[in-house]
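Text of the file target_25.cif, holding mmCIF, C-alpha atoms, pLDDT in the B column; chains and numbers go by the auth columns:
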```cif
data_start
#
loop_
_atom_site.group_PDB
_atom_site.id
_atom_site.type_symbol
_atom_site.label_atom_id
_atom_site.label_comp_id
_atom_site.label_asym_id
_atom_site.label_seq_id
_atom_site.Cartn_x
_atom_site.Cartn_y
_atom_site.Cartn_z
_atom_site.B_iso_or_equiv
_atom_site.auth_seq_id
_atom_site.auth_asym_id
ATOM 1 C CA MET A 1 -32.564 19.587 13.276 49.00 7 A
ATOM 2 C CA GLY A 2 -36.160 20.412 12.875 51.00 8 A
ATOM 3 C CA ASP A 3 -38.042 21.162 9.724 51.00 9 A
ATOM 4 C CA PHE A 4 -35.933 22.322 6.781 52.00 10 A
ATOM 5 C CA TYR A 5 -37.944 23.128 3.687 55.00 11 A
ATOM 6 C CA GLY A 6 -40.573 20.638 4.759 55.00 12 A
ATOM 7 C CA THR A 7 -38.100 17.775 5.318 56.00 13 A
ATOM 8 C CA ASN A 8 -37.181 16.192 8.620 58.00 14 A
ATOM 9 C CA SER A 9 -33.540 15.483 9.542 57.00 15 A
ATOM 10 C CA THR A 10 -33.620 11.883 8.266 59.00 16 A
ATOM 11 C CA GLY A 11 -34.607 13.134 4.821 60.00 17 A
ATOM 12 C CA LEU A 12 -31.497 15.346 4.662 59.00 18 A
ATOM 13 C CA PHE A 13 -29.036 12.509 5.284 60.00 19 A
ATOM 14 C CA PRO A 14 -28.449 11.588 1.613 64.00 20 A
ATOM 15 C CA VAL A 15 -27.371 15.131 0.654 63.00 21 A
ATOM 16 C CA PRO A 16 -24.044 15.328 2.550 65.00 22 A
ATOM 17 C CA PHE A 17 -23.471 11.608 1.992 62.00 23 A
ATOM 18 C CA PHE A 18 -23.596 11.915 -1.792 61.00 24 A
ATOM 19 C CA CYS A 19 -21.641 15.201 -1.767 62.00 25 A
ATOM 20 C CA ASN A 20 -18.826 13.515 0.179 63.00 26 A
ATOM 21 C CA PHE A 21 -19.009 10.394 -1.975 61.00 27 A
ATOM 22 C CA SER A 22 -18.670 12.386 -5.204 65.00 28 A
ATOM 23 C CA THR A 23 -15.719 14.354 -3.787 67.00 29 A
ATOM 24 C CA ILE A 24 -13.911 11.180 -2.729 66.00 30 A
ATOM 25 C CA PHE A 25 -14.642 9.556 -6.087 62.00 31 A
ATOM 26 C CA THR A 26 -13.260 12.578 -7.970 65.00 32 A
ATOM 27 C CA VAL A 27 -10.072 12.783 -5.901 59.00 33 A
ATOM 28 C CA ALA A 28 -9.490 9.039 -6.261 60.00 34 A
ATOM 29 C CA SER A 29 -9.957 9.232 -10.038 62.00 35 A
ATOM 30 C CA VAL A 30 -7.557 12.149 -10.445 60.00 36 A
ATOM 31 C CA SER A 31 -4.989 10.462 -8.182 60.00 37 A
ATOM 32 C CA ARG A 32 -5.241 7.228 -10.122 63.00 38 A
ATOM 33 C CA ILE A 33 -4.731 9.001 -13.439 63.00 39 A
ATOM 34 C CA SER A 34 -1.837 11.155 -12.185 63.00 40 A
ATOM 35 C CA ILE A 35 0.069 8.088 -10.951 65.00 41 A
ATOM 36 C CA TYR A 36 0.358 6.885 -14.539 69.00 42 A
ATOM 37 C CA LEU A 37 1.824 10.236 -15.593 73.00 43 A
ATOM 38 C CA ILE A 38 4.785 9.970 -13.200 75.00 44 A
ATOM 39 C CA GLU A 39 7.926 8.816 -14.948 83.00 45 A
ATOM 40 C CA TYR A 40 10.276 6.355 -13.278 83.00 46 A
ATOM 41 C CA ASP A 41 13.605 4.825 -14.176 89.00 47 A
ATOM 42 C CA ASP A 42 14.924 1.272 -14.115 91.00 48 A
ATOM 43 C CA ARG A 43 16.419 1.681 -10.614 89.00 49 A
ATOM 44 C CA GLN A 44 13.016 2.578 -9.188 89.00 50 A
ATOM 45 C CA ARG A 45 11.335 -0.292 -11.048 91.00 51 A
ATOM 46 C CA GLN A 46 13.891 -2.790 -9.737 92.00 52 A
ATOM 47 C CA PHE A 47 13.339 -1.519 -6.189 91.00 53 A
ATOM 48 C CA GLN A 48 9.569 -1.877 -6.621 90.00 54 A
ATOM 49 C CA LEU A 49 9.989 -5.470 -7.801 93.00 55 A
ATOM 50 C CA TYR A 50 12.328 -6.184 -4.881 92.00 56 A
ATOM 51 C CA ARG A 51 9.777 -4.796 -2.376 91.00 57 A
ATOM 52 C CA ARG A 52 7.059 -6.893 -4.027 92.00 58 A
ATOM 53 C CA GLY A 53 9.265 -9.943 -3.533 92.00 59 A
ATOM 54 C CA ARG A 54 9.620 -9.130 0.153 89.00 60 A
ATOM 55 C CA TYR A 55 5.834 -8.776 0.398 89.00 61 A
ATOM 56 C CA ALA A 56 5.367 -12.172 -1.261 90.00 62 A
ATOM 57 C CA GLU A 57 7.937 -13.674 1.117 89.00 63 A
ATOM 58 C CA PHE A 58 6.086 -12.258 4.129 89.00 64 A
ATOM 59 C CA ASN A 59 2.756 -13.517 2.834 88.00 65 A
ATOM 60 C CA LEU A 60 3.992 -17.046 2.205 88.00 66 A
ATOM 61 C CA VAL A 61 6.010 -17.433 5.401 88.00 67 A
ATOM 62 C CA TYR A 62 4.445 -15.271 8.112 88.00 68 A
ATOM 63 C CA ASP A 63 0.872 -14.296 7.187 88.00 69 A
ATOM 64 C CA ARG A 64 -1.393 -16.532 9.257 88.00 70 A
ATOM 65 C CA GLY A 65 -4.254 -16.532 6.776 87.00 71 A
ATOM 66 C CA THR A 66 -2.078 -17.543 3.839 87.00 72 A
ATOM 67 C CA VAL A 67 -0.194 -20.189 5.822 87.00 73 A
ATOM 68 C CA PHE A 68 -3.464 -21.576 7.225 89.00 74 A
ATOM 69 C CA GLY A 69 -5.001 -21.774 3.744 87.00 75 A
ATOM 70 C CA LEU A 70 -1.993 -23.561 2.311 86.00 76 A
ATOM 71 C CA GLN A 71 -1.699 -25.978 5.255 89.00 77 A
ATOM 72 C CA THR A 72 -5.378 -26.949 5.126 91.00 78 A
ATOM 73 C CA ASN A 73 -5.338 -27.730 1.407 88.00 79 A
ATOM 74 C CA GLY A 74 -7.317 -24.639 0.468 87.00 80 A
ATOM 75 C CA ARG A 75 -7.685 -23.639 -3.165 88.00 81 A
ATOM 76 C CA THR A 76 -4.104 -22.597 -3.938 87.00 82 A
ATOM 77 C CA GLU A 77 -5.010 -20.284 -6.825 88.00 83 A
ATOM 78 C CA SER A 78 -7.382 -18.292 -4.617 86.00 84 A
ATOM 79 C CA ILE A 79 -4.859 -18.065 -1.789 84.00 85 A
ATOM 80 C CA LEU A 80 -2.059 -16.853 -4.046 85.00 86 A
ATOM 81 C CA MET A 81 -4.218 -14.255 -5.872 86.00 87 A
ATOM 82 C CA SER A 82 -3.081 -11.583 -3.399 83.00 88 A
ATOM 83 C CA LEU A 83 0.539 -11.954 -4.493 87.00 89 A
ATOM 84 C CA PRO A 84 1.951 -9.467 -6.999 89.00 90 A
ATOM 85 C CA PRO A 85 2.146 -10.711 -10.596 89.00 91 A
ATOM 86 C CA LEU A 86 5.801 -9.649 -10.905 91.00 92 A
ATOM 87 C CA ALA A 87 8.457 -9.729 -8.182 92.00 93 A
ATOM 88 C CA ARG A 88 12.165 -10.313 -7.749 92.00 94 A
ATOM 89 C CA TRP A 89 14.477 -11.586 -5.056 90.00 95 A
ATOM 90 C CA GLU A 90 18.055 -10.549 -4.467 89.00 96 A
ATOM 91 C CA TYR A 91 20.398 -11.833 -1.796 90.00 97 A
ATOM 92 C CA CYS A 92 21.764 -9.107 0.564 88.00 98 A
ATOM 93 C CA TYR A 93 20.151 -6.266 -1.383 88.00 99 A
ATOM 94 C CA GLU A 94 21.456 -2.779 -0.581 89.00 100 A
ATOM 95 C CA PRO A 95 20.148 0.275 -2.467 89.00 101 A
ATOM 96 C CA GLU A 96 22.620 2.809 -3.823 90.00 102 A
ATOM 97 C CA PRO A 97 23.596 5.342 -1.114 92.00 103 A
ATOM 98 C CA GLY A 98 21.939 8.746 -1.401 92.00 104 A
ATOM 99 C CA THR A 99 18.949 7.525 -3.424 91.00 105 A
ATOM 100 C CA PRO A 100 15.323 7.800 -2.296 89.00 106 A
ATOM 101 C CA GLU A 101 15.312 4.004 -2.023 91.00 107 A
ATOM 102 C CA ALA A 102 18.201 4.155 0.465 91.00 108 A
ATOM 103 C CA ARG A 103 16.341 6.769 2.518 90.00 109 A
ATOM 104 C CA LEU A 104 13.225 4.606 2.524 87.00 110 A
ATOM 105 C CA THR A 105 15.286 1.649 3.708 86.00 111 A
ATOM 106 C CA GLU A 106 16.959 3.698 6.452 84.00 112 A
ATOM 107 C CA ILE A 107 13.723 5.090 7.850 81.00 113 A
ATOM 108 C CA PHE A 108 10.869 2.684 7.232 78.00 114 A
ATOM 109 C CA LEU A 109 12.438 -0.701 6.667 74.00 115 A
ATOM 110 C CA GLN A 110 14.341 -0.826 9.954 75.00 116 A
ATOM 111 C CA PRO A 111 12.670 -1.964 13.199 78.00 117 A
ATOM 112 C CA GLN A 112 11.089 1.055 14.909 75.00 118 A
ATOM 113 C CA ASP A 113 9.180 1.652 18.114 80.00 119 A
ATOM 114 C CA TRP A 114 6.442 3.606 16.309 74.00 120 A
ATOM 115 C CA VAL A 115 4.121 3.728 19.336 83.00 121 A
ATOM 116 C CA ASN A 116 6.532 5.446 21.729 84.00 122 A
ATOM 117 C CA LYS A 117 8.414 7.511 19.147 75.00 123 A
ATOM 118 C CA THR A 118 7.940 11.275 19.125 69.00 124 A
ATOM 119 C CA PHE A 119 8.008 13.079 15.798 63.00 125 A
ATOM 120 C CA ALA A 120 9.120 16.651 15.263 58.00 126 A
ATOM 121 C CA GLN A 121 6.540 18.921 13.665 54.00 127 A
ATOM 122 C CA LYS A 122 7.698 20.663 10.489 47.00 128 A
#
```
Any chance you could put this one into structure tokens?
Amino acid sequence: MGDFYGTNSTGLFPVPFFCNFSTIFTVASVSRISIYLIEYDDRQRQFQLYRRGRYAEFNLVYDRGTVFGLQTNGRTESILMSLPPLARWEYCYEPEPGTPEARLTEIFLQPQDWVNKTFAQK
């Protein structure tokens, strides 16, 4: 890169690094704040709690790290810290047809061959 205002290329490294860092920090802050401004109804909250329950189920039954920690008498509180504080379980849950939750279930919660699937460009 040569000499740029009396500084070699290693001296210029912090400039783009901190510019990118501040941009990422700003976007993350705005995104975090705007999430709290989105209103949701009880149906959406119940679906969120149901999905959290499925996550907890996966963690406790299938996740190798969690299962290993529990089987080897690890510190249970530390192992279970990754679980959501609130969750719910419902037998044979089906979301209401035509809702965004039903669409999510139809597309993402069914087994897919994501590697070999081709997606149409919009």
Could the residues of range 58-89 of chain A that have an atom at most 8 Å from range 93-104 of chain A be listed as a tab-separated table, each with its closest atom pair and the distance in Å to one decimal, counting all atoms listed in the file and ordered by chain and ascending residue number?
```
residue	atom	partner	partner_atom	distance
A:Arg58	CA	A:Ala93	CA	5.2
A:Gly59	CA	A:Ala93	CA	4.7
A:Arg60	CA	A:Trp95	CA	7.5
A:Ala62	CA	A:Ala93	CA	8.0
```
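Here CA of Gln50 in chain A is placed at a distance of 27.6 Å from CA of Asp119 in chain A.
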When you count all atoms listed in the file, which of these residues is closest to Tyr61 in chain A: A:Ile44, A:Leu76, A:Ile113, A:Leu92? A:Leu92
Of the candidates A:Glu83, A:Asp69, A:Glu112, A:Glu107, which shows the shortest atom-to-atom distance to Arg57 in chain A, using all atoms listed in the file? A:Glu107
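Between CA of Thr105 in chain A and CA of Gln54 in chain A the separation is 13.7 Å.
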Grab the CA of Ala108 in chain A to CA of Leu86 in chain A distance for me, in Å with one decimal place. 29.5 Å
Report the centre and edge lengths, in Å to one decimal, of an axis-aligned box enclosing every atom of range 82-85 of chain A listed in the file, padded by 6 Å on each side, as lines of an AutoDock Vina configuration file.
```
center_x = -5.7
center_y = -20.3
center_z = -4.3
size_x = 15.3
size_y = 16.5
size_z = 17.0
```
